[in-house]
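What follows is the content of entry.cif, which has mmCIF, C-alpha atoms:
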data_coords
loop_
_atom_site.label_atom_id
_atom_site.label_comp_id
_atom_site.auth_asym_id
_atom_site.auth_seq_id
_atom_site.Cartn_x
_atom_site.Cartn_y
_atom_site.Cartn_z
CA MET A 5 46.33 81.43 83.14
CA PRO A 6 49.04 84.05 82.44
CA ASP A 7 52.58 82.88 82.05
CA THR A 8 54.01 84.29 85.29
CA ALA A 9 57.52 83.13 84.41
CA ALA A 10 57.41 85.12 81.20
CA GLU A 11 56.04 88.17 82.99
CA ALA A 12 58.64 88.09 85.78
CA PRO A 13 61.38 90.70 85.42
CA HIS A 14 64.81 89.56 84.30
CA PRO A 15 67.08 89.02 87.33
CA ARG A 16 69.48 91.62 86.01
CA THR A 17 66.81 94.31 85.93
CA ALA A 18 66.23 95.27 89.54
CA ASP A 19 63.70 97.92 90.27
CA PRO A 20 65.51 101.24 89.62
CA ARG A 21 63.22 102.93 92.11
CA VAL A 22 65.09 101.01 94.80
CA MET A 23 68.52 100.40 93.31
CA VAL A 24 69.27 103.94 92.15
CA PRO A 25 68.46 105.64 95.50
CA ALA A 26 70.45 102.96 97.31
CA ALA A 27 73.45 103.56 95.05
CA CYS A 28 73.20 107.33 95.47
CA THR A 29 72.99 106.95 99.25
CA MET A 30 76.04 104.70 99.25
CA VAL A 31 78.04 107.22 97.25
CA VAL A 32 76.99 110.15 99.45
CA VAL A 33 77.89 108.31 102.65
CA ALA A 34 81.22 107.12 101.19
CA LEU A 35 82.19 110.64 100.15
CA SER A 36 81.05 112.05 103.51
CA VAL A 37 83.35 109.65 105.35
CA ARG A 38 86.22 110.64 103.11
CA ILE A 39 85.57 114.37 103.51
CA LEU A 40 86.09 113.98 107.24
CA LEU A 41 89.66 112.86 106.51
CA LEU A 42 90.50 115.60 104.01
CA PRO A 43 92.25 117.95 106.48
CA ASP A 44 94.80 115.28 107.53
CA GLU A 45 98.25 115.69 105.99
CA SER A 46 100.20 112.46 105.69
CA GLY A 47 103.96 112.26 105.62
CA ASP A 48 103.92 111.29 101.95
CA TYR A 49 101.79 114.31 101.14
CA VAL A 50 104.13 116.72 102.91
CA THR A 51 107.34 115.15 101.60
CA PHE A 52 106.38 114.19 98.06
CA LEU A 53 102.91 115.01 96.76
CA GLU A 54 102.60 118.65 97.82
CA PRO A 55 106.06 119.62 96.45
CA TRP A 56 105.15 117.94 93.16
CA TYR A 57 101.90 119.91 93.01
CA TRP A 58 103.62 123.25 93.61
CA HIS A 59 106.37 122.46 91.13
CA ILE A 60 103.72 121.89 88.48
CA THR A 61 101.83 125.09 89.28
CA SER A 62 104.99 127.20 89.48
CA HIS A 63 106.17 125.95 86.09
CA GLY A 64 102.99 126.71 84.16
CA GLY A 65 101.04 123.49 84.43
CA PHE A 66 101.58 121.01 81.61
CA PRO A 67 104.87 122.60 80.43
CA ALA A 68 106.32 121.40 83.75
CA LEU A 69 106.12 117.84 82.41
CA ALA A 70 108.88 118.59 79.93
CA ASP A 71 111.16 117.59 82.80
CA PRO A 72 109.28 115.12 85.03
CA SER A 73 112.38 114.48 87.15
CA PHE A 74 110.77 116.40 90.02
CA SER A 75 108.72 113.24 90.67
CA ASP A 76 109.58 109.56 90.91
CA TYR A 77 106.18 108.58 89.46
CA ASN A 78 105.51 107.79 85.84
CA VAL A 79 103.85 110.54 83.82
CA PRO A 80 100.22 109.24 83.55
CA TYR A 81 99.54 110.14 87.20
CA LEU A 82 101.23 113.50 86.64
CA TYR A 83 98.89 114.17 83.68
CA LEU A 84 95.85 113.81 85.93
CA LEU A 85 97.41 115.81 88.75
CA THR A 86 98.41 118.59 86.36
CA ALA A 87 94.93 118.81 84.85
CA LEU A 88 93.44 119.29 88.30
CA THR A 89 95.86 122.10 89.17
CA TYR A 90 93.82 124.35 86.89
CA LEU A 91 90.83 124.01 89.24
CA PRO A 92 90.37 126.48 92.12
CA LEU A 93 91.14 123.88 94.80
CA SER A 94 93.86 123.53 97.39
CA SER A 95 96.69 121.10 96.75
CA LEU A 96 95.51 118.80 99.54
CA VAL A 97 91.92 118.62 98.26
CA THR A 98 93.07 118.21 94.65
CA ILE A 99 95.38 115.29 95.39
CA LYS A 100 92.89 113.45 97.56
CA CYS A 101 89.85 114.06 95.38
CA LEU A 102 91.68 112.59 92.40
CA SER A 103 92.02 109.26 94.17
CA MET A 104 88.54 109.48 95.69
CA LEU A 105 86.98 109.65 92.22
CA PHE A 106 88.71 106.40 91.34
CA ASP A 107 87.33 104.86 94.53
CA LEU A 108 83.92 105.16 92.93
CA ALA A 109 85.18 103.58 89.72
CA LEU A 110 86.60 100.69 91.75
CA ALA A 111 83.21 100.08 93.36
CA TYR A 112 81.58 100.18 89.92
CA TYR A 113 83.89 97.50 88.49
CA THR A 114 83.39 95.37 91.59
CA PHE A 115 79.65 95.56 91.01
CA ARG A 116 80.07 94.64 87.34
CA ILE A 117 82.25 91.59 88.01
CA VAL A 118 80.16 90.12 90.82
CA LEU A 119 76.97 90.75 88.84
CA LEU A 120 78.49 89.02 85.83
CA LEU A 121 79.25 85.92 87.87
CA ARG A 122 76.05 86.08 89.93
CA PRO A 123 73.49 87.51 87.46
CA ALA A 124 70.52 86.50 89.60
CA GLN A 125 71.92 88.28 92.68
CA ARG A 126 72.04 91.96 91.85
CA TRP A 127 71.92 92.97 95.50
CA THR A 128 74.87 90.67 96.19
CA ALA A 129 76.85 92.61 93.62
CA PHE A 130 75.70 95.85 95.22
CA GLY A 131 76.88 94.57 98.60
CA ALA A 132 80.30 93.67 97.21
CA ALA A 133 80.67 97.17 95.75
CA ALA A 134 79.66 98.71 99.08
CA VAL A 135 82.15 96.60 101.03
CA VAL A 136 84.98 97.60 98.69
CA LEU A 137 84.03 101.27 98.86
CA PHE A 138 84.16 101.24 102.67
CA LEU A 139 87.21 99.03 103.15
CA PRO A 140 89.48 100.71 105.72
CA THR A 141 92.49 100.50 103.39
CA VAL A 142 90.54 101.91 100.44
CA VAL A 143 89.24 104.84 102.50
CA ALA A 144 92.59 105.52 104.17
CA ASN A 145 94.65 105.22 100.99
CA SER A 146 92.81 107.98 99.17
CA ALA A 147 91.16 110.19 101.79
CA TRP A 148 93.86 110.16 104.47
CA TRP A 149 97.07 109.24 102.69
CA GLY A 150 96.38 110.90 99.35
CA GLN A 151 97.97 107.93 97.61
CA CYS A 152 96.94 106.74 94.15
CA ASP A 153 97.06 102.95 94.48
CA VAL A 154 93.37 102.91 93.61
CA ILE A 155 94.11 104.20 90.11
CA TYR A 156 96.24 101.31 88.85
CA THR A 157 93.97 98.88 90.71
CA VAL A 158 90.91 100.22 88.87
CA PHE A 159 92.58 99.40 85.56
CA LEU A 160 93.64 95.97 86.79
CA VAL A 161 90.12 95.16 87.94
CA GLY A 162 88.79 96.59 84.69
CA GLY A 163 91.13 94.25 82.83
CA ILE A 164 89.76 91.29 84.78
CA ASN A 165 86.23 92.43 83.97
CA HIS A 166 86.92 92.49 80.24
CA ALA A 167 88.84 89.22 80.36
CA LEU A 168 85.73 87.62 81.86
CA ARG A 169 83.66 89.19 79.08
CA ARG A 170 85.99 87.74 76.42
CA ARG A 171 87.50 91.02 75.30
CA PRO A 172 91.21 90.14 75.49
CA TRP A 173 92.45 93.19 73.59
CA VAL A 174 90.62 95.56 75.90
CA ALA A 175 91.76 93.56 78.93
CA CYS A 176 95.43 93.71 77.92
CA THR A 177 95.15 97.41 77.09
CA LEU A 178 93.85 98.09 80.60
CA PHE A 179 96.65 96.01 82.09
CA GLY A 180 99.11 98.15 80.13
CA ILE A 181 97.50 101.35 81.41
CA ALA A 182 97.70 99.99 84.97
CA LEU A 183 101.39 99.29 84.47
CA ALA A 184 101.91 102.82 83.17
CA PHE A 185 100.45 104.24 86.38
CA LYS A 186 102.24 102.00 88.86
CA PHE A 187 104.86 99.26 88.58
CA GLN A 188 102.92 97.28 91.21
CA ALA A 189 100.52 96.28 88.42
CA VAL A 190 103.01 93.45 87.71
CA PHE A 191 101.62 91.64 90.76
CA LEU A 192 98.78 90.43 88.51
CA PHE A 193 100.96 89.56 85.53
CA PRO A 194 101.37 85.91 86.63
CA PHE A 195 97.57 85.72 86.45
CA LEU A 196 97.67 87.22 82.95
CA LEU A 197 100.35 84.69 81.97
CA VAL A 198 98.07 81.82 82.99
CA LEU A 199 95.29 83.23 80.81
CA VAL A 200 97.70 83.34 77.88
CA LEU A 201 99.16 79.87 78.41
CA VAL A 202 95.76 78.18 78.52
CA GLY A 203 94.55 80.06 75.46
CA ARG A 204 92.05 82.29 77.22
CA VAL A 205 93.97 85.37 75.99
CA PRO A 206 95.75 85.08 72.61
CA TRP A 207 99.47 85.76 72.65
CA ARG A 208 99.14 88.60 70.16
CA CYS A 209 96.92 90.50 72.61
CA LEU A 210 99.95 90.95 74.88
CA LEU A 211 101.18 93.53 72.36
CA ALA A 212 98.52 95.83 73.79
CA VAL A 213 100.36 95.97 77.14
CA PRO A 214 103.54 97.75 75.93
CA ALA A 215 101.54 99.65 73.31
CA ALA A 216 99.31 101.20 75.98
CA TYR A 217 102.30 101.91 78.21
CA LEU A 218 104.24 103.65 75.44
CA ALA A 219 101.21 105.53 74.14
CA LEU A 220 100.81 107.22 77.52
CA ASP A 221 104.38 108.51 77.26
CA VAL A 222 103.66 110.33 74.00
CA PRO A 223 102.19 113.54 75.52
CA ALA A 224 105.24 113.94 77.78
CA LEU A 225 107.55 113.31 74.83
CA ALA A 226 105.69 115.95 72.84
CA LEU A 227 106.32 118.39 75.69
CA GLY A 228 110.05 117.64 75.49
CA ALA A 229 110.59 114.96 78.15
CA ASP A 230 113.66 112.74 77.94
CA PRO A 231 112.57 109.36 76.48
CA VAL A 232 115.33 107.47 78.29
CA ARG A 233 114.21 108.86 81.61
CA LEU A 234 110.60 107.95 80.89
CA LEU A 235 111.49 104.37 80.00
CA THR A 236 113.72 103.85 83.03
CA VAL A 237 111.51 105.36 85.72
CA TYR A 238 110.70 101.97 87.27
CA ALA A 239 114.32 100.88 87.23
CA ARG A 240 115.13 103.89 89.39
CA GLN A 241 112.19 103.17 91.70
CA THR A 242 113.32 99.61 92.42
CA ASP A 243 116.73 100.90 93.48
CA THR A 244 115.37 103.49 95.93
CA TYR A 245 114.81 101.42 99.09
CA HIS A 246 117.35 98.90 100.32
CA TYR A 247 115.29 97.24 103.02
CA LEU A 248 113.79 93.78 103.22
CA THR A 249 110.37 95.27 103.94
CA LEU A 250 108.84 98.69 104.48
CA ASN A 251 106.05 97.85 106.92
CA ALA A 252 104.60 95.30 104.51
CA PRO A 253 102.92 92.19 106.02
CA SER A 254 105.20 89.93 103.98
CA VAL A 255 107.39 86.92 104.65
CA TYR A 256 110.31 89.23 105.44
CA GLN A 257 108.74 90.20 108.75
CA PHE A 258 109.85 86.73 109.89
CA LEU A 259 113.44 87.19 108.69
CA SER A 260 116.41 89.24 109.81
CA ALA A 261 119.57 89.84 107.83
CA PRO A 262 122.40 91.42 109.81
CA GLY A 263 124.78 91.09 106.86
CA ASP A 264 124.43 92.10 103.22
CA ILE A 265 120.83 93.21 102.72
CA ASP A 266 121.25 93.51 98.95
CA ALA A 267 122.29 89.87 98.69
CA VAL A 268 119.20 88.79 100.65
CA ARG A 269 117.02 91.01 98.47
CA SER A 270 118.44 89.47 95.30
CA ALA A 271 117.93 85.99 96.67
CA GLY A 272 114.38 86.92 97.66
CA VAL A 273 113.55 88.10 94.14
CA LEU A 274 114.95 84.84 92.76
CA VAL A 275 112.98 82.69 95.20
CA ALA A 276 109.79 84.66 94.51
CA GLY A 277 110.29 84.18 90.78
CA VAL A 278 110.78 80.43 91.17
CA VAL A 279 107.76 79.99 93.44
CA VAL A 280 105.48 82.08 91.23
CA SER A 281 106.69 80.22 88.12
CA LEU A 282 105.91 76.89 89.80
CA LEU A 283 102.44 78.08 90.77
CA VAL A 284 101.79 79.30 87.22
CA GLY A 285 102.98 75.96 85.86
CA LEU A 286 100.77 74.01 88.25
CA ALA A 287 97.74 76.12 87.33
CA VAL A 288 98.33 75.64 83.61
CA TRP A 289 98.93 71.89 84.04
CA SER A 290 95.78 71.54 86.09
CA LEU A 291 93.71 73.34 83.49
CA ARG A 292 95.16 71.35 80.58
CA ARG A 293 94.89 67.87 82.06
CA GLY A 294 91.17 67.54 81.27
CA ARG A 295 90.44 64.92 78.61
CA PRO A 296 88.49 65.89 75.48
CA GLY A 297 84.84 65.35 76.18
CA ALA A 298 85.31 65.32 79.95
CA PRO A 299 82.96 67.50 82.00
CA ASP A 300 85.70 70.03 82.78
CA SER A 301 86.70 70.60 79.17
CA VAL A 302 85.02 71.50 75.90
CA ARG A 303 86.49 70.02 72.69
CA GLY A 304 89.81 69.58 74.43
CA VAL A 305 90.05 73.21 75.54
CA PRO A 306 90.65 73.43 79.32
CA ALA A 307 87.82 74.93 81.29
CA LEU A 308 88.71 78.20 82.94
CA THR A 309 85.58 79.12 84.79
CA ASP A 310 84.70 82.62 85.89
CA THR A 311 85.26 81.75 89.53
CA ARG A 312 88.66 80.26 88.73
CA VAL A 313 89.65 83.48 86.97
CA VAL A 314 88.88 85.56 90.06
CA LEU A 315 90.63 83.07 92.34
CA LEU A 316 93.75 83.11 90.17
CA ALA A 317 93.80 86.91 90.23
CA THR A 318 93.40 86.94 94.01
CA CYS A 319 96.21 84.42 94.49
CA SER A 320 98.50 86.46 92.25
CA ALA A 321 97.70 89.71 94.08
CA ILE A 322 98.62 88.17 97.44
CA VAL A 323 101.48 85.77 96.75
CA VAL A 324 103.67 88.14 94.69
CA PRO A 325 103.97 91.02 97.21
CA PHE A 326 104.10 88.50 100.06
CA LEU A 327 107.25 86.90 98.62
CA LEU A 328 109.03 89.91 97.10
CA PRO A 329 111.42 91.99 99.24
CA SER A 330 111.28 95.79 99.69
CA MET A 331 107.49 95.91 99.60
CA HIS A 332 105.52 98.80 101.11
CA GLU A 333 102.44 98.35 103.25
CA ARG A 334 100.26 99.70 100.42
CA TYR A 335 101.29 97.00 97.95
CA PHE A 336 98.51 94.63 99.05
CA TYR A 337 95.89 97.08 97.80
CA ALA A 338 94.79 94.90 94.88
CA ALA A 339 94.64 91.92 97.25
CA ASP A 340 92.36 93.93 99.57
CA VAL A 341 89.86 94.39 96.74
CA LEU A 342 90.09 91.02 95.01
CA SER A 343 89.74 89.11 98.27
CA VAL A 344 86.33 90.75 98.71
CA MET A 345 85.22 89.66 95.24
CA ALA A 346 86.43 86.11 95.88
CA ALA A 347 84.56 86.00 99.19
CA PHE A 348 81.30 87.11 97.55
CA LEU A 349 81.70 84.42 94.89
CA LEU A 350 82.55 81.63 97.36
CA PRO A 351 81.14 82.89 100.67
CA ARG A 352 81.16 79.56 102.49
CA GLN A 353 84.85 78.95 101.84
CA LEU A 354 86.29 82.47 101.80
CA TRP A 355 84.03 84.74 103.86
CA TYR A 356 86.77 85.42 106.43
CA VAL A 357 89.64 85.97 103.96
CA PRO A 358 88.92 89.70 103.41
CA VAL A 359 88.84 90.09 107.20
CA LEU A 360 92.29 88.54 107.50
CA VAL A 361 93.65 90.63 104.63
CA GLN A 362 92.23 93.84 106.10
CA LEU A 363 93.57 93.13 109.57
CA ALA A 364 97.01 92.54 108.10
CA SER A 365 96.98 95.34 105.53
CA PHE A 366 95.29 98.13 107.48
CA GLY A 367 97.26 97.22 110.61
CA SER A 368 100.45 97.92 108.70
CA TYR A 369 99.01 101.31 107.64
CA LEU A 370 98.88 102.34 111.30
CA TYR A 371 102.66 102.09 111.52
CA CYS A 372 102.89 104.89 108.96
CA TYR A 373 100.47 107.29 110.61
CA CYS A 374 102.50 110.38 111.49
CA ASN A 375 99.85 112.74 112.84
CA THR A 376 99.11 113.39 116.49
CA PRO A 377 97.64 111.57 118.30
CA LYS A 378 99.27 108.54 116.72
CA PRO A 379 97.12 105.38 116.94
CA THR A 380 98.63 102.33 118.56
CA PRO A 381 98.94 99.38 116.14
CA TYR A 382 96.82 96.50 117.38
CA LEU A 383 99.36 93.82 116.40
CA THR A 384 103.07 93.46 115.78
CA MET A 385 104.23 93.36 112.18
CA PRO A 386 105.08 89.62 112.32
CA ALA A 387 101.52 89.02 113.52
CA HIS A 388 100.19 90.99 110.54
CA SER A 389 102.31 88.85 108.25
CA ALA A 390 100.96 85.70 109.90
CA LEU A 391 97.42 86.87 109.15
CA MET A 392 98.32 87.53 105.52
CA LEU A 393 99.94 84.12 105.30
CA LEU A 394 96.77 82.52 106.65
CA ALA A 395 94.71 84.37 104.06
CA LEU A 396 97.09 83.27 101.32
CA THR A 397 97.02 79.60 102.32
CA THR A 398 93.22 79.68 102.49
CA VAL A 399 92.89 81.16 98.99
CA LEU A 400 95.47 78.73 97.60
CA ARG A 401 93.70 75.76 99.19
CA THR A 402 90.34 76.88 97.82
CA THR A 403 91.86 77.44 94.38
CA VAL A 404 93.35 73.95 94.37
CA ARG A 405 89.95 72.49 95.23
CA GLU A 406 88.29 74.49 92.45
CA PHE A 407 90.89 73.24 89.96
CA ARG A 408 90.46 69.62 91.02
CA PRO A 409 88.41 67.80 88.37
CA GLY A 410 85.20 66.28 89.65
CA PRO A 411 82.86 63.68 88.16
CA GLU A 412 80.01 66.15 87.93
CA GLY A 413 81.93 68.95 86.23
CA PRO A 414 81.71 72.62 87.12
CA ALA A 415 78.75 73.88 89.11
CA PRO A 416 76.18 75.92 87.20
CA SER A 417 77.41 79.15 88.80
CA HIS A 418 80.95 78.36 87.61
CA ARG A 419 80.24 78.46 83.92
CA PRO A 420 83.31 77.64 81.81
CA VAL A 421 85.08 80.42 80.00
CA VAL A 422 86.87 78.73 77.14
CA GLY A 423 87.20 81.25 74.35
CA ARG A 424 85.84 81.05 70.83
CA HIS A 425 85.52 77.23 70.88
CA SER A 426 82.80 77.38 73.50
CA ALA A 427 79.17 76.91 72.62
CA GLU A 428 78.24 79.53 75.22
CA PRO A 429 77.46 82.93 73.63
CA ALA A 430 79.76 85.79 74.51
CA ARG A 431 78.58 88.11 77.25
CA THR A 432 77.96 91.75 76.59
#
As structure tokens, the full file:
Amino acid sequence: MPDTAAEAPHPRTADPRVMVPAACTMVVVALSVRILLLPDESGDYVTFLEPWYWHITSHGGFPALADPSFSDYNVPYLYLLTALTYLPLSSLVTIKCLSMLFDLALAYYTFRIVLLLRPAQRWTAFGAAAVVLFLPTVVANSAWWGQCDVIYTVFLVGGINHALRRRPWVACTLFGIALAFKFQAVFLFPFLLVLVLVGRVPWRCLLAVPAAYLALDVPALALGADPVRLLTVYARQTDTYHYLTLNAPSVYQFLSAPGDIDAVRSAGVLVAGVVVSLLVGLAVWSLRRGRPGAPDSVRGVPALTDTRVVLLATCSAIVVPFLLPSMHERYFYAADVLSVMAAFLLPRQLWYVPVLVQLASFGSYLYCYCNTPKPTPYLTMPAHSALMLLALTTVLRTTVREFRPGPEGPAPSHRPVVGRHSAEPART
């Protein structure tokens, strides 16, 4: 009798005759949907992005970056935009296609992470990538709005991918690149702090974050840019808008401040910092309370399973922008993506969380639609915030349950990730 188990294909090796055409079809359909939105000009494109594009072209391309004061973005995005100005494309197509290319990279990393955690379910990983690629906020952000939130999110998700694969230096480097593209990358830094405090990421690896950030400033410095201006770009950004919220489905939709807005904003930052610090402390304490030899620890090292890593990242991506003041509607972009991954990993508990997040996040996008005819938002902004709050409480409750030690230890699909002390071989 032949050994059928030995002859069966490895679960990671799906038949390429099926998988490759399916992937190509998904990409073609995704790009076709986005092409339909290319002619739309958003308010941000008209007011900011198009003038930046024409400033670059009228000043000779890359030499224009000697004085990047024409933009309030950091220079890494301007590098990419400048490189594309040399192509024979219109400004509108150039700006949107740049973000659309990163949409594909985002779907790829989603596939990689879900496949890593569910190696026997390749089509599940494919489904997660497809859902992310067709999320209303992902499509609208790049193809309609022309925004670049997908770029920093790709590097954040890439950092999570490499953290799961026990490559802390690469993970921290990608987090640094994400920070160089957008300051909103800090929404996942509480998650990174937990990884450091429990020993999953060595402290010295954090040096890669500022190193990557500063390295991306070098080309602009070589062109003659002011180093002080480059290093203070985010300080100027945070002082631009003096509102409690800018159509973000956050806690500030429930508040009103007729008096000193700046005082409320300062208090909000302080409260957010305290709450996030408490949550980080609780997560670290929960991971470290396992006794040596207990099922949820290995040689005294706290078990940080793959699923727990994704849940922590999802919590961080939701709770930080939900509590901080002066957030834009787009600042839940990372939460949009990570909530999908979490739902595919724990479908019974979290299947409806991406729905709640999308209803809240995309609904707030509709308030910023300036073209005619203008769509009518389906809910009020406080209602959107209530949906986001419900999603947040659900993810937090599920995370607490996952962190609760049980007599049987982690489930087989939640294999512990404990660093070099683990007997489990590193993934490649």
Check your understanding: Applied to the shown file, which residues does the PyMOL selection byres ((chain A and resi 195-205) around 10) return, written as a PyMOL selection string?
Key -> chain A and resi 163-164+167-168+170-173+175-176+179+190-194+206-210+280-281+283-289+291-292+305-308+313-321+421-424
Check your understanding: What does the PyMOL selection byres ((chain A and resi 364-368) around 10) select in this file, as a PyMOL selection string?
Key -> chain A and resi 139-142+144-145+250-254+332-337+339-340+358-363+369-373+380-393+395
Practice item. Using the chain letters and residue numbers of this document, give as number ranges by chain the residues selected by the PyMOL selection byres ((chain A and resi 238) around 12). Key: A: 75-79, 183-190, 232-237, 239-244
Review point. Of the candidates A:Pro20, A:Pro92, A:Pro80, A:Pro325, which shows the shortest atom-to-atom distance to Leu220 in chain A, using all atoms listed in the file?
Key: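 Comparing A:Pro20, A:Pro92, A:Pro80, A:Pro325 against Leu220 in chain A, the winner is A:Pro80.
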Exercise for review: Kindly give the distance, in Å, that separates CA of Ile60 in chain A and CA of Leu160 in chain A, rounded to a single decimal.
Suggested key: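 These atoms are spaced 27.9 Å apart.
When CA of Ile181 in chain A is paired with CA of Tyr156 in chain A, their separation reads 7.5 Å.
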Review point. Quick one: distance from CA of Val275 in chain A to CA of Met331 in chain A in Å, one decimal?
Key: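 Answer for the CA of Val275 in chain A to CA of Met331 in chain A separation: 15.0 Å.
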Point to revise | Among the residues A:Pro351, A:Gly131, A:Gly150, A:Gly162, the one that comes closest to Leu102 in chain A [using all atoms listed in the file] | key: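 Going through A:Pro351, A:Gly131, A:Gly150, A:Gly162 one by one, the smallest distance to Leu102 in chain A is for A:Gly150.
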Point to revise | Residue among A:Thr398, A:Thr114, A:Thr403, A:Thr309 lying closest to Ala338 in chain A, counting all atoms listed in the file | key: A:Thr114
Practice item. Find, counting all atoms listed in the file, the residue in A:Val357, A:Ile39, A:Ala224, A:Leu328 that gets nearest to Val268 in chain A. Key: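 That would be A:Leu328, the residue with the smallest distance to Val268 in chain A.
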All residues 9 Å or closer to Ala68 in chain A, all atoms listed in the file, same chain fewer than 6 positions away omitted, as a CSV table (one decimal) with C-alpha atoms, in the coordinates of the input:
chain,number,residue,atom,x,y,z
A,59,HIS,CA,106.4,122.5,91.1
A,60,ILE,CA,103.7,121.9,88.5
A,61,THR,CA,101.8,125.1,89.3
A,62,SER,CA,105.0,127.2,89.5
A,86,THR,CA,98.4,118.6,86.4
A,227,LEU,CA,106.3,118.4,75.7
Point to revise | From A:Val22, A:Ala182, A:Leu96, A:Val32, residue lying nearest Tyr81 in chain A [only C-alpha atoms] | key: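 Ranking A:Val22, A:Ala182, A:Leu96, A:Val32 by distance to Tyr81 in chain A, first place goes to A:Ala182.
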Study note, to complete from the structure: Residue with the minimum atom-to-atom distance to Ala267 in chain A, picked from A:Ala132, A:Leu349, A:Leu248, A:Leu91 with all atoms listed in the file counted, is A:Leu248
If the box runs along x, y and z of the file and leaves 4 Å on each side of range 228-236 of chain A, what are its centre and edge lengths in Å, one decimal, as AutoDock Vina command-line options?
--center_x 112.7 --center_y 110.7 --center_z 79.3 --size_x 13.3 --size_y 21.8 --size_z 15.5
Find the spatial neighbours of Val50 in chain A, counting all atoms listed in the file, within a cut-off of 12 Å - ignore same-chain residues fewer than 3 positions away - and output them as a PDB file with C-alpha atoms, in the frame of the given file.
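In the end it all went to result38.pdb:
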ATOM      1  CA  ASP A  44      94.800 115.280 107.530  1.00  0.00           C
ATOM      2  CA  GLU A  45      98.250 115.690 105.990  1.00  0.00           C
ATOM      3  CA  SER A  46     100.200 112.460 105.690  1.00  0.00           C
ATOM      4  CA  GLY A  47     103.960 112.260 105.620  1.00  0.00           C
ATOM      5  CA  LEU A  53     102.910 115.010  96.760  1.00  0.00           C
ATOM      6  CA  GLU A  54     102.600 118.650  97.820  1.00  0.00           C
ATOM      7  CA  PRO A  55     106.060 119.620  96.450  1.00  0.00           C
ATOM      8  CA  TRP A  56     105.150 117.940  93.160  1.00  0.00           C
ATOM      9  CA  TYR A  57     101.900 119.910  93.010  1.00  0.00           C
ATOM     10  CA  TRP A  58     103.620 123.250  93.610  1.00  0.00           C
ATOM     11  CA  SER A  95      96.690 121.100  96.750  1.00  0.00           C
ATOM     12  CA  LEU A  96      95.510 118.800  99.540  1.00  0.00           C
ATOM     13  CA  ILE A  99      95.380 115.290  95.390  1.00  0.00           C
ATOM     14  CA  TRP A 149      97.070 109.240 102.690  1.00  0.00           C
ATOM     15  CA  GLY A 150      96.380 110.900  99.350  1.00  0.00           C
ATOM     16  CA  GLN A 151      97.970 107.930  97.610  1.00  0.00           C
ATOM     17  CA  CYS A 374     102.500 110.380 111.490  1.00  0.00           C
ATOM     18  CA  ASN A 375      99.850 112.740 112.840  1.00  0.00           C
TER      19      ASN A 375
END
